[in-house]
Amino acid sequence: MPGAWFVRIKSATFHISARDIEKAPEWDRPEFAFIGRSNVGKSSMINMLSNKNGLAKVSATPGKTQLLNFFVMNETWSLVDLPGYGFAKVAKSEKINFNESVGDYLNSRENLRRVFTLIDSRLPPQRIDIDFINWLGETGVPFALVFTKADKQSAGKTQASVDTFLAAMPEHLKGVPPVIISSSKDRTGRVAILKLIEQGLD
């Protein structure tokens with residue numbers, strides 16, 4: 001069916017963990033980064049997208065990811081797991097509570113094609129999420145909002161939560177990013193995410 005095709009993951013391997021952008025791989029592979037508050041379900045989503053359980057380590061401990069983790073998909077592009085911005089080490093000069101190396105990466109990584117910002121669909125708008133998205137919008141990097149854990153409540157509650165969150169976003173960003181509702185358990189949203197990745201591979 002026209003328009004139904006999307007990138008399929010045939011291989012997924014861990015490449016390297018980098019403490020900062022200076023230690024990041026020197027390559028021209030397109031990169032797609034995933035970030036969100038700690039314990040938002042990021043590792044589970046990466047495993048779901050890659051069809052490879054255990055590719056990203058899942059932990060119940062907030063702030064477990066402290067490095068920039070690079071995974072190679074289909075031997076051609078990279079999925080990047082960034083530290084959660086709710087519990088990461090803070091640079092005193094930063095107004096937003098996230099790892100300084102993440103800021104450097106998002107500001108200056110030339111082959112970064114899109115950032116997927118994960119939001120817990122069960123929660124009312126969190127100021128740290130709004131502030132981060134506002135900052136991200138200023139970088140000019142394309143991004144999408146992915147509302148996670150949709151399986152843990154009714155579809156109506158999830159949509160109401162999404163609508164409330166979007167209403168709380170800064171005016172200049174409303175209607176800008178794609179919005180995806182997801183569940184790693186039910187695999188909801190997987191195709192929509194992979195379609196956005198496919199667009200970035202063109």
# chains A, B, ... in the order shown; residues from 1 in each chain; ligands from 1
call {"tool": "select_by_dssp", "arguments": {"residues": "region 126-167 of chain A", "states": "strand (DSSP E)", "output": "list in words"}}
result
Phe143, Ala144, Leu145, Val146, Phe147 and Thr148 of chain A
call {"tool": "residues_around", "arguments": {"residues": "Asp186 (chain A)", "least_positions_apart": "2", "cutoff": "12 Å", "atoms": "only C-alpha atoms", "output": "compact mmCIF listing (two decimals) with C-alpha atoms, in the first residue's frame"}}
result
# COMPACT_ATOMS: atom_id res chain seq x y z
CA SER A 44 11.79 -0.39 27.06
CA MET A 45 10.94 1.67 23.99
CA MET A 48 10.61 -2.52 21.42
CA LEU A 49 11.71 -0.52 18.39
CA THR A 148 4.53 6.57 26.75
CA LYS A 149 2.82 3.92 28.89
CA ALA A 150 -0.55 4.28 27.13
CA ASP A 151 -1.40 0.68 28.07
CA LYS A 152 -1.65 1.64 31.74
CA ILE A 181 0.97 7.81 21.58
CA SER A 182 2.91 4.69 22.50
CA SER A 183 3.13 1.59 24.63
CA SER A 184 6.20 -0.60 24.68
CA THR A 188 1.61 0.92 20.04
CA GLY A 189 3.31 3.77 18.21
CA ARG A 190 6.18 1.66 16.87
call {"tool": "residues_around", "arguments": {"residues": "region 97-112 of chain A", "least_positions_apart": "6", "cutoff": "10 Å", "atoms": "only C-alpha atoms", "output": "PyMOL selection string"}}
result
chain A and resi 18-22+24+27-33+35-37+66-68+77-80+82-91+128+131-132+135-136+138-142+200
call {"tool": "write_last_selection", "arguments": {"atoms": "C-alpha atoms", "output": "mmCIF file, in the first residue's frame"}}
result
data_model
loop_
_atom_site.group_PDB
_atom_site.id
_atom_site.type_symbol
_atom_site.label_atom_id
_atom_site.label_comp_id
_atom_site.auth_asym_id
_atom_site.auth_seq_id
_atom_site.Cartn_x
_atom_site.Cartn_y
_atom_site.Cartn_z
ATOM 1 C CA ALA A 18 30.322 8.133 25.495
ATOM 2 C CA ARG A 19 30.731 10.416 28.491
ATOM 3 C CA ASP A 20 30.553 13.523 26.304
ATOM 4 C CA ILE A 21 30.349 14.551 22.675
ATOM 5 C CA GLU A 22 34.132 14.490 22.308
ATOM 6 C CA ALA A 24 31.058 10.188 20.530
ATOM 7 C CA TRP A 27 30.924 8.956 11.630
ATOM 8 C CA ASP A 28 28.316 10.324 9.255
ATOM 9 C CA ARG A 29 25.550 7.889 10.178
ATOM 10 C CA PRO A 30 22.163 9.589 10.659
ATOM 11 C CA GLU A 31 21.334 9.671 14.378
ATOM 12 C CA PHE A 32 17.957 9.627 16.110
ATOM 13 C CA ALA A 33 18.067 10.457 19.801
ATOM 14 C CA ILE A 35 15.346 11.423 25.759
ATOM 15 C CA GLY A 36 12.886 11.986 28.592
ATOM 16 C CA ARG A 37 12.600 12.190 32.338
ATOM 17 C CA GLN A 66 24.314 8.606 32.630
ATOM 18 C CA LEU A 67 26.150 8.226 29.317
ATOM 19 C CA LEU A 68 25.369 8.831 25.660
ATOM 20 C CA TRP A 77 22.036 4.568 11.121
ATOM 21 C CA SER A 78 22.227 5.105 14.863
ATOM 22 C CA LEU A 79 19.723 5.228 17.686
ATOM 23 C CA VAL A 80 21.094 7.263 20.607
ATOM 24 C CA LEU A 82 20.452 9.983 26.107
ATOM 25 C CA PRO A 83 20.503 10.408 29.909
ATOM 26 C CA GLY A 84 17.164 11.284 31.481
ATOM 27 C CA TYR A 85 17.016 14.982 32.244
ATOM 28 C CA GLY A 86 15.189 14.623 35.558
ATOM 29 C CA PHE A 87 17.979 13.071 37.584
ATOM 30 C CA ALA A 88 21.155 13.682 35.621
ATOM 31 C CA LYS A 89 24.060 15.755 36.922
ATOM 32 C CA VAL A 90 23.361 19.458 36.505
ATOM 33 C CA ALA A 91 25.667 22.190 35.325
ATOM 34 C CA ILE A 128 10.640 20.058 33.548
ATOM 35 C CA ASP A 131 11.001 23.681 29.942
ATOM 36 C CA PHE A 132 13.059 21.074 28.138
ATOM 37 C CA TRP A 135 14.777 24.760 25.112
ATOM 38 C CA LEU A 136 14.851 22.024 22.481
ATOM 39 C CA GLU A 138 15.302 26.861 20.331
ATOM 40 C CA THR A 139 18.019 24.517 19.033
ATOM 41 C CA GLY A 140 16.249 24.083 15.708
ATOM 42 C CA VAL A 141 16.606 20.299 15.798
ATOM 43 C CA PRO A 142 13.465 18.488 14.549
ATOM 44 C CA GLY A 200 15.103 11.284 8.297
#
call {"tool": "residues_around", "arguments": {"residues": "Pro125 (chain A)", "least_positions_apart": "4", "cutoff": "9 Å", "atoms": "only C-alpha atoms", "output": "PDB file with C-alpha atoms, in the first residue's frame"}}
result
ATOM      1  CA  ILE A 119       6.468  12.028  28.046  1.00  0.00           C
ATOM      2  CA  ASP A 129       9.187  18.521  30.366  1.00  0.00           C
ATOM      3  CA  ILE A 130       7.752  21.848  29.208  1.00  0.00           C
ATOM      4  CA  SER A 161      -3.557  13.893  29.055  1.00  0.00           C
ATOM      5  CA  VAL A 162      -2.019  14.561  25.637  1.00  0.00           C
ATOM      6  CA  THR A 164      -3.701  18.981  28.362  1.00  0.00           C
ATOM      7  CA  PHE A 165       0.028  18.731  27.755  1.00  0.00           C
ATOM      8  CA  LEU A 166      -0.174  20.280  24.289  1.00  0.00           C
ATOM      9  CA  ALA A 168       0.502  23.835  28.213  1.00  0.00           C
ATOM     10  CA  MET A 169       3.225  24.102  25.570  1.00  0.00           C
TER      11      MET A 169
END
call {"tool": "select_by_dssp", "arguments": {"residues": "chain A", "states": "helix (DSSP H, G or I)", "output": "ChimeraX atom specification"}}
result
/A:21-23,42-50,100-108,127-139,150-152,155-168,171-173,190-201
call {"tool": "closest_residue", "arguments": {"among": "A:Arg113, A:Asp163, A:Phe71, A:Glu171", "to": "Ile133 (chain A)", "atoms": "only C-alpha atoms"}}
result
A:Glu171
call {"tool": "closest_residue", "arguments": {"among": "A:Arg114, A:Glu26, A:Val176, A:Asp81", "to": "Lys195 (chain A)", "atoms": "only C-alpha atoms"}}
result
A:Arg114
call {"tool": "closest_residue", "arguments": {"among": "A:Ile46, A:Leu201, A:Val40, A:Leu173", "to": "Ser121 (chain A)", "atoms": "only C-alpha atoms"}}
result
A:Val40
call {"tool": "atom_distance", "arguments": {"atom1": "CA of His15 (chain A)", "atom2": "CA of Asn69 (chain A)"}}
result
7.7 Å
call {"tool": "atom_distance", "arguments": {"atom1": "CA of Pro25 (chain A)", "atom2": "CA of Glu198 (chain A)"}}
result
21.5 Å
call {"tool": "atom_distance", "arguments": {"atom1": "CA of Asn39 (chain A)", "atom2": "CA of Gln126 (chain A)"}}
result
13.9 Å
